[in-house]
Amino acid sequence: MIMNKLANMDRLRWIELVLLAVAFIVLLIIPQISGAATITMVSRIMIFAVFAMAYDILRGFIGVIHLGFALFIGGGAYFVGILFFHQGATIPMLLLAVVGTTIYSAIWALIVGKISGKSGMLATAMITMAFSEIMRNLMTVWRTVTRGEDGIAFRVPAPFNDRTMMFYACFIFMILMAFVLYKFTKSPTGRVWQAVRENEQRAIFLGYNTARARTIALLVASIVGGLAGVMFGLNSRFVNTEALGMQMTYDAMLYSLLGGAGTLFGAILGSTVVILFQNFLLDLRPIHAIFERWLLFFGALYIVVVMFMPHGIMGYYNAWKEKRAQKKRMAKEAASS
Amino acid sequence: MSLLKVNDLVSYIGLFTILQGVSMEIQQGEAVAILGRNGAGKTTFLRTVMGLVKTRSGSITFNDASIIGKATHKISKLGIGYCPEDYGVFDLLTIEENLVLATHKKNAATRDRIAYVLDLFPDLKLAYKRHARTLSGGQRQMLSVGRSLVNSPALILIDEPSKGLAPVVIEKMALALKEIAKQSTIVLVEQNFHMALIVTDRYYIIDEGRTVHGGLMKDLENDKELQQRHLGL
């Protein structure tokens with residue numbers, strides 16, 4: 001049956017599968033052929049890909065604008081940092097950080113779920129932004145535990161203290177989270193999310209409790225975002241209040257929009273393109289000081305994407321594929337008639 | 001026993017009272033048309049039954065239980081299907097996904113119902129894997145009506161299925177609705193008198209938010225004076 005499926009597959013689908021296989025193999029061999037800087041950068045890309053996919057569940061699948069999404073990556077990183085720094089870098093502490101982050105993320109998800117059910121989209125966006133700022137200020141003033149804006153540098157337990165092992169942990173984490181989120185989006189719950197995003201009232205006509213669907217999406221996205229924070233802490237071995245800053249949320253937003261909101265894979269593509277581009281610009285610093293200000297280029301890139309590819313790279317690609325399929329269908333119909 | 005019973009219903013949107021006394025009874029297995037001029041309150045009536053417009057006074061009972069004040073998704077789950085006038089399909093989902101979404105669960109019964117819908121509207125079968133946004137107006141309307149059937153609701157409320165469709169498509173839709181009416185109870189809001197005549201047996205006329213007349217469609221067909229007075233035909 002599988003062989004039959006493969007034999008009947010469209011040429012484009014073949015190309016997609018080959019590209020995916022190549023990407024998979026490249027990721028597998030990177031630690032064997034690259035230096036520490038590249039390994040750390042690619043680990044960072046994979047962690048942020050998960051963070052952006054979690055954000056995509058909210059923005060791209062159910063249509064919630066969460067401007068305080070840094071709560072999760074920052075929260076997860078702080079759980080790891082505080083526990084490792086004060087209690088010691090051990091595996092039990094790591095497990096405690098994972099459990100703590102999950103509970104912390106779930107509580108925030110339930111609070112935001114309650115608010116978004118009662119308030120409009122804009123009010124939810126503003127309130128969530130306020131939440132992350134409150135949390136950031138809390139971490140700033142709680143100096144005895146967090147060391148304020150100076151942040152905490154900490155050791156991580158074996159095997160995560162080895163860069164190669166950390167890389168493979170990030171790789172497995174990304175594949176696992178992509179699989180889990182993909183399964184969610186293809187499940188009946190995921191279809192309800194998409195229905196709510198498109199038109200909430202129509203979903204209600206069909207008998208769906210949309211407030212519950214939104215809360216489930218918030219729970220899934222927040223917990224996955226929080227776990228990305230745990231990995232971020234392990235990879236950085238440092239956390240300060242910037243992890244809870246607005247820039248983190250903007251990054252997730254940019255990765256997801258650039259790659260294509262509502263596609264999941266777009267978030268992986270977006271984070272890869274942006275982080276690689278950012279590093280490329282920073283490498284150009286010796287040529288001209290303007291490259292130090294890489295955010296200028298990102299502003300321009302963002303404008304270009306919004307103007308010419310409002311649905312991101314994957315959105316553009318999917319639309320092209322649909323047009324191609326339609327052309328094929330029409331040619332087939334014309335031939336048969 | 002009435003399936004749907006509405007008594008002296010008054011409903012409002014913001015500061016405006018829209019329905020000012022609508023009463024009607026729908027029996028199991030009937031196909032009933034709600035007729036009236038533009039702005040008479042026909043769509044608001046359906047939206048009030050679905051809990052989308054607030055009620056000031058009066059009663060709505062479905063299967064002898066009051067549904068006033070219930071959340072829309074709970075009313076839908078009681079067995080009332082609703083096809084809004086703007087089709088209400090999900091453009092970014094395929095026909096298959098739109099139909100499956102409406103079933104809530106996948107089992108043999110819902111698979112049979114989807115097969116029934118596809119038999120009823122063969123156009124949908126041909127475009128089964130296509131996104132709803134690529135469909136014509138007629139196909140979207142078929143999908144909207146078909147989607148409301150997959151859960152075998154006890155009552156289907158259909159709002160102006162002929163709106164914006166070509167005459168040949170209206171004819172097709174009317175015949176399909178006639179077929180559906182053999183198995184289901186239908187309340188059809190319609191401006192197209194010809195379509196209402198094909199599909200329904202009984203009617204109510206709503207004018208300025210009130211039920212002003214009711215009777216058999218065949219009597220209305222012969223009563224030109226009543227048609228002129230309330231429907232402007």
# chains A, B, ... in the order shown; residues from 1 in each chain; ligands from 1
$ interface_residues --of "chain A" --to "chain B" --cutoff "12 Å" --atoms "only C-alpha atoms" --output "PDB file with N, CA and C atoms, in the first residue's frame"
ATOM      1  N   PHE A  61      -3.746  29.530  14.233  1.00  0.00           N
ATOM      2  CA  PHE A  61      -4.794  28.508  14.195  1.00  0.00           C
ATOM      3  C   PHE A  61      -6.105  28.928  14.841  1.00  0.00           C
ATOM      4  N   LYS A 186      -4.427  18.569  13.318  1.00  0.00           N
ATOM      5  CA  LYS A 186      -5.169  17.690  12.411  1.00  0.00           C
ATOM      6  C   LYS A 186      -6.292  16.939  13.133  1.00  0.00           C
ATOM      7  N   SER A 187      -6.372  17.117  14.445  1.00  0.00           N
ATOM      8  CA  SER A 187      -7.405  16.425  15.218  1.00  0.00           C
ATOM      9  C   SER A 187      -8.720  17.211  15.111  1.00  0.00           C
ATOM     10  N   PRO A 188      -9.831  16.619  15.557  1.00  0.00           N
ATOM     11  CA  PRO A 188     -11.092  17.382  15.566  1.00  0.00           C
ATOM     12  C   PRO A 188     -10.947  18.711  16.320  1.00  0.00           C
ATOM     13  N   THR A 189     -10.164  18.711  17.407  1.00  0.00           N
ATOM     14  CA  THR A 189      -9.961  19.953  18.164  1.00  0.00           C
ATOM     15  C   THR A 189      -9.297  21.003  17.271  1.00  0.00           C
ATOM     16  N   GLY A 190      -8.306  20.579  16.501  1.00  0.00           N
ATOM     17  CA  GLY A 190      -7.589  21.505  15.612  1.00  0.00           C
ATOM     18  C   GLY A 190      -8.514  22.082  14.558  1.00  0.00           C
ATOM     19  N   ARG A 191      -9.429  21.245  14.066  1.00  0.00           N
ATOM     20  CA  ARG A 191     -10.369  21.750  13.046  1.00  0.00           C
ATOM     21  C   ARG A 191     -11.292  22.803  13.661  1.00  0.00           C
ATOM     22  N   VAL A 192     -11.669  22.586  14.934  1.00  0.00           N
ATOM     23  CA  VAL A 192     -12.513  23.582  15.603  1.00  0.00           C
ATOM     24  C   VAL A 192     -11.721  24.881  15.775  1.00  0.00           C
ATOM     25  N   TRP A 193     -10.424  24.785  16.101  1.00  0.00           N
ATOM     26  CA  TRP A 193      -9.587  25.990  16.225  1.00  0.00           C
ATOM     27  C   TRP A 193      -9.645  26.798  14.931  1.00  0.00           C
ATOM     28  N   GLN A 194      -9.480  26.101  13.814  1.00  0.00           N
ATOM     29  CA  GLN A 194      -9.467  26.808  12.530  1.00  0.00           C
ATOM     30  C   GLN A 194     -10.831  27.424  12.231  1.00  0.00           C
ATOM     31  N   ALA A 195     -11.883  26.706  12.636  1.00  0.00           N
ATOM     32  CA  ALA A 195     -13.235  27.231  12.428  1.00  0.00           C
ATOM     33  C   ALA A 195     -13.439  28.493  13.262  1.00  0.00           C
ATOM     34  N   VAL A 196     -12.947  28.480  14.504  1.00  0.00           N
ATOM     35  CA  VAL A 196     -13.082  29.646  15.388  1.00  0.00           C
ATOM     36  C   VAL A 196     -12.309  30.824  14.798  1.00  0.00           C
ATOM     37  N   ARG A 197     -11.098  30.552  14.295  1.00  0.00           N
ATOM     38  CA  ARG A 197     -10.281  31.626  13.704  1.00  0.00           C
ATOM     39  C   ARG A 197     -11.023  32.258  12.519  1.00  0.00           C
ATOM     40  N   GLU A 198     -11.637  31.404  11.716  1.00  0.00           N
ATOM     41  CA  GLU A 198     -12.285  31.932  10.513  1.00  0.00           C
ATOM     42  C   GLU A 198     -13.567  32.677  10.850  1.00  0.00           C
ATOM     43  N   ASN A 199     -14.389  32.086  11.683  1.00  0.00           N
ATOM     44  CA  ASN A 199     -15.632  32.747  12.070  1.00  0.00           C
ATOM     45  C   ASN A 199     -16.183  32.057  13.308  1.00  0.00           C
ATOM     46  N   GLU A 200     -16.003  32.729  14.444  1.00  0.00           N
ATOM     47  CA  GLU A 200     -16.377  32.105  15.712  1.00  0.00           C
ATOM     48  C   GLU A 200     -17.876  31.801  15.780  1.00  0.00           C
ATOM     49  N   GLN A 201     -18.684  32.740  15.255  1.00  0.00           N
ATOM     50  CA  GLN A 201     -20.123  32.535  15.356  1.00  0.00           C
ATOM     51  C   GLN A 201     -20.581  31.303  14.573  1.00  0.00           C
ATOM     52  N   ARG A 202     -19.942  31.073  13.424  1.00  0.00           N
ATOM     53  CA  ARG A 202     -20.316  29.906  12.619  1.00  0.00           C
ATOM     54  C   ARG A 202     -19.979  28.619  13.368  1.00  0.00           C
ATOM     55  N   ALA A 203     -18.859  28.637  14.095  1.00  0.00           N
ATOM     56  CA  ALA A 203     -18.486  27.452  14.873  1.00  0.00           C
ATOM     57  C   ALA A 203     -19.511  27.206  15.978  1.00  0.00           C
ATOM     58  N   ILE A 204     -20.022  28.301  16.547  1.00  0.00           N
ATOM     59  CA  ILE A 204     -21.037  28.170  17.603  1.00  0.00           C
ATOM     60  C   ILE A 204     -22.320  27.568  17.023  1.00  0.00           C
ATOM     61  N   PHE A 205     -22.705  28.015  15.786  1.00  0.00           N
ATOM     62  CA  PHE A 205     -23.909  27.453  15.139  1.00  0.00           C
ATOM     63  C   PHE A 205     -23.820  25.935  15.055  1.00  0.00           C
ATOM     64  N   LEU A 206     -22.589  25.443  14.889  1.00  0.00           N
ATOM     65  CA  LEU A 206     -22.412  23.993  14.730  1.00  0.00           C
ATOM     66  C   LEU A 206     -22.404  23.263  16.070  1.00  0.00           C
ATOM     67  N   GLY A 207     -22.598  24.021  17.142  1.00  0.00           N
ATOM     68  CA  GLY A 207     -22.712  23.389  18.460  1.00  0.00           C
ATOM     69  C   GLY A 207     -21.401  23.317  19.225  1.00  0.00           C
ATOM     70  N   TYR A 208     -20.395  24.110  18.800  1.00  0.00           N
ATOM     71  CA  TYR A 208     -19.113  24.051  19.498  1.00  0.00           C
ATOM     72  C   TYR A 208     -19.020  25.116  20.590  1.00  0.00           C
ATOM     73  N   ASN A 209     -18.481  24.705  21.733  1.00  0.00           N
ATOM     74  CA  ASN A 209     -18.212  25.642  22.816  1.00  0.00           C
ATOM     75  C   ASN A 209     -16.856  26.279  22.505  1.00  0.00           C
ATOM     76  N   THR A 210     -16.901  27.449  21.887  1.00  0.00           N
ATOM     77  CA  THR A 210     -15.664  28.045  21.369  1.00  0.00           C
ATOM     78  C   THR A 210     -14.749  28.551  22.496  1.00  0.00           C
ATOM     79  N   ALA A 211     -15.352  28.916  23.632  1.00  0.00           N
ATOM     80  CA  ALA A 211     -14.525  29.375  24.760  1.00  0.00           C
ATOM     81  C   ALA A 211     -13.640  28.209  25.233  1.00  0.00           C
ATOM     82  N   ARG A 212     -14.213  27.006  25.245  1.00  0.00           N
ATOM     83  CA  ARG A 212     -13.439  25.843  25.681  1.00  0.00           C
ATOM     84  C   ARG A 212     -12.337  25.517  24.663  1.00  0.00           C
ATOM     85  N   GLY A 262      -0.338  29.861  10.643  1.00  0.00           N
ATOM     86  CA  GLY A 262      -1.350  28.817  10.431  1.00  0.00           C
ATOM     87  C   GLY A 262      -0.835  27.631   9.646  1.00  0.00           C
ATOM     88  N   GLY A 315       2.560  30.307   3.202  1.00  0.00           N
ATOM     89  CA  GLY A 315       1.254  30.711   2.681  1.00  0.00           C
ATOM     90  C   GLY A 315       1.329  30.942   1.182  1.00  0.00           C
ATOM     91  N   ASN A 318       1.825  27.536  -0.523  1.00  0.00           N
ATOM     92  CA  ASN A 318       0.581  26.754  -0.546  1.00  0.00           C
ATOM     93  C   ASN A 318      -0.405  27.303  -1.575  1.00  0.00           C
ATOM     94  N   ALA A 319      -0.466  28.648  -1.683  1.00  0.00           N
ATOM     95  CA  ALA A 319      -1.374  29.259  -2.665  1.00  0.00           C
ATOM     96  C   ALA A 319      -0.921  28.880  -4.079  1.00  0.00           C
ATOM     97  N   GLU A 322      -1.914  25.339  -4.745  1.00  0.00           N
ATOM     98  CA  GLU A 322      -3.352  25.212  -4.995  1.00  0.00           C
ATOM     99  C   GLU A 322      -3.692  25.641  -6.426  1.00  0.00           C
ATOM    100  N   LYS A 323      -3.049  26.735  -6.864  1.00  0.00           N
ATOM    101  CA  LYS A 323      -3.275  27.220  -8.235  1.00  0.00           C
ATOM    102  C   LYS A 323      -2.827  26.163  -9.238  1.00  0.00           C
ATOM    103  N   ALA A 325      -2.596  22.948  -8.764  1.00  0.00           N
ATOM    104  CA  ALA A 325      -3.513  21.805  -8.745  1.00  0.00           C
ATOM    105  C   ALA A 325      -4.790  22.128  -9.518  1.00  0.00           C
ATOM    106  N   GLN A 326      -5.249  23.384  -9.362  1.00  0.00           N
ATOM    107  CA  GLN A 326      -6.470  23.802 -10.052  1.00  0.00           C
ATOM    108  C   GLN A 326      -6.257  23.775 -11.574  1.00  0.00           C
ATOM    109  N   ARG A 329      -6.305  20.264 -12.709  1.00  0.00           N
ATOM    110  CA  ARG A 329      -7.672  19.743 -12.688  1.00  0.00           C
ATOM    111  C   ARG A 329      -8.457  20.227 -13.905  1.00  0.00           C
ATOM    112  N   GLU A 333     -10.091  18.082 -16.852  1.00  0.00           N
ATOM    113  CA  GLU A 333     -11.515  18.171 -17.190  1.00  0.00           C
ATOM    114  C   GLU A 333     -11.703  18.488 -18.673  1.00  0.00           C
TER     115      GLU A 333
END
$ residues_around --residues "range 161-175 of chain A" --least-positions-apart "3" --cutoff "7 Å" --atoms "only C-alpha atoms" --output "number ranges by chain"
A: 31, 39, 43, 46-47, 50, 156-158, 178-179, 235
$ atom_distance --atom1 "CA of Ser59 in chain B" --atom2 "CA of Lys42 in chain B"
16.8 Å
$ atom_distance --atom1 "CA of Gln27 in chain B" --atom2 "CA of Val117 in chain B"
23.8 Å
$ atom_distance --atom1 "CA of Ile180 in chain B" --atom2 "CA of Gly138 in chain B"
16.9 Å
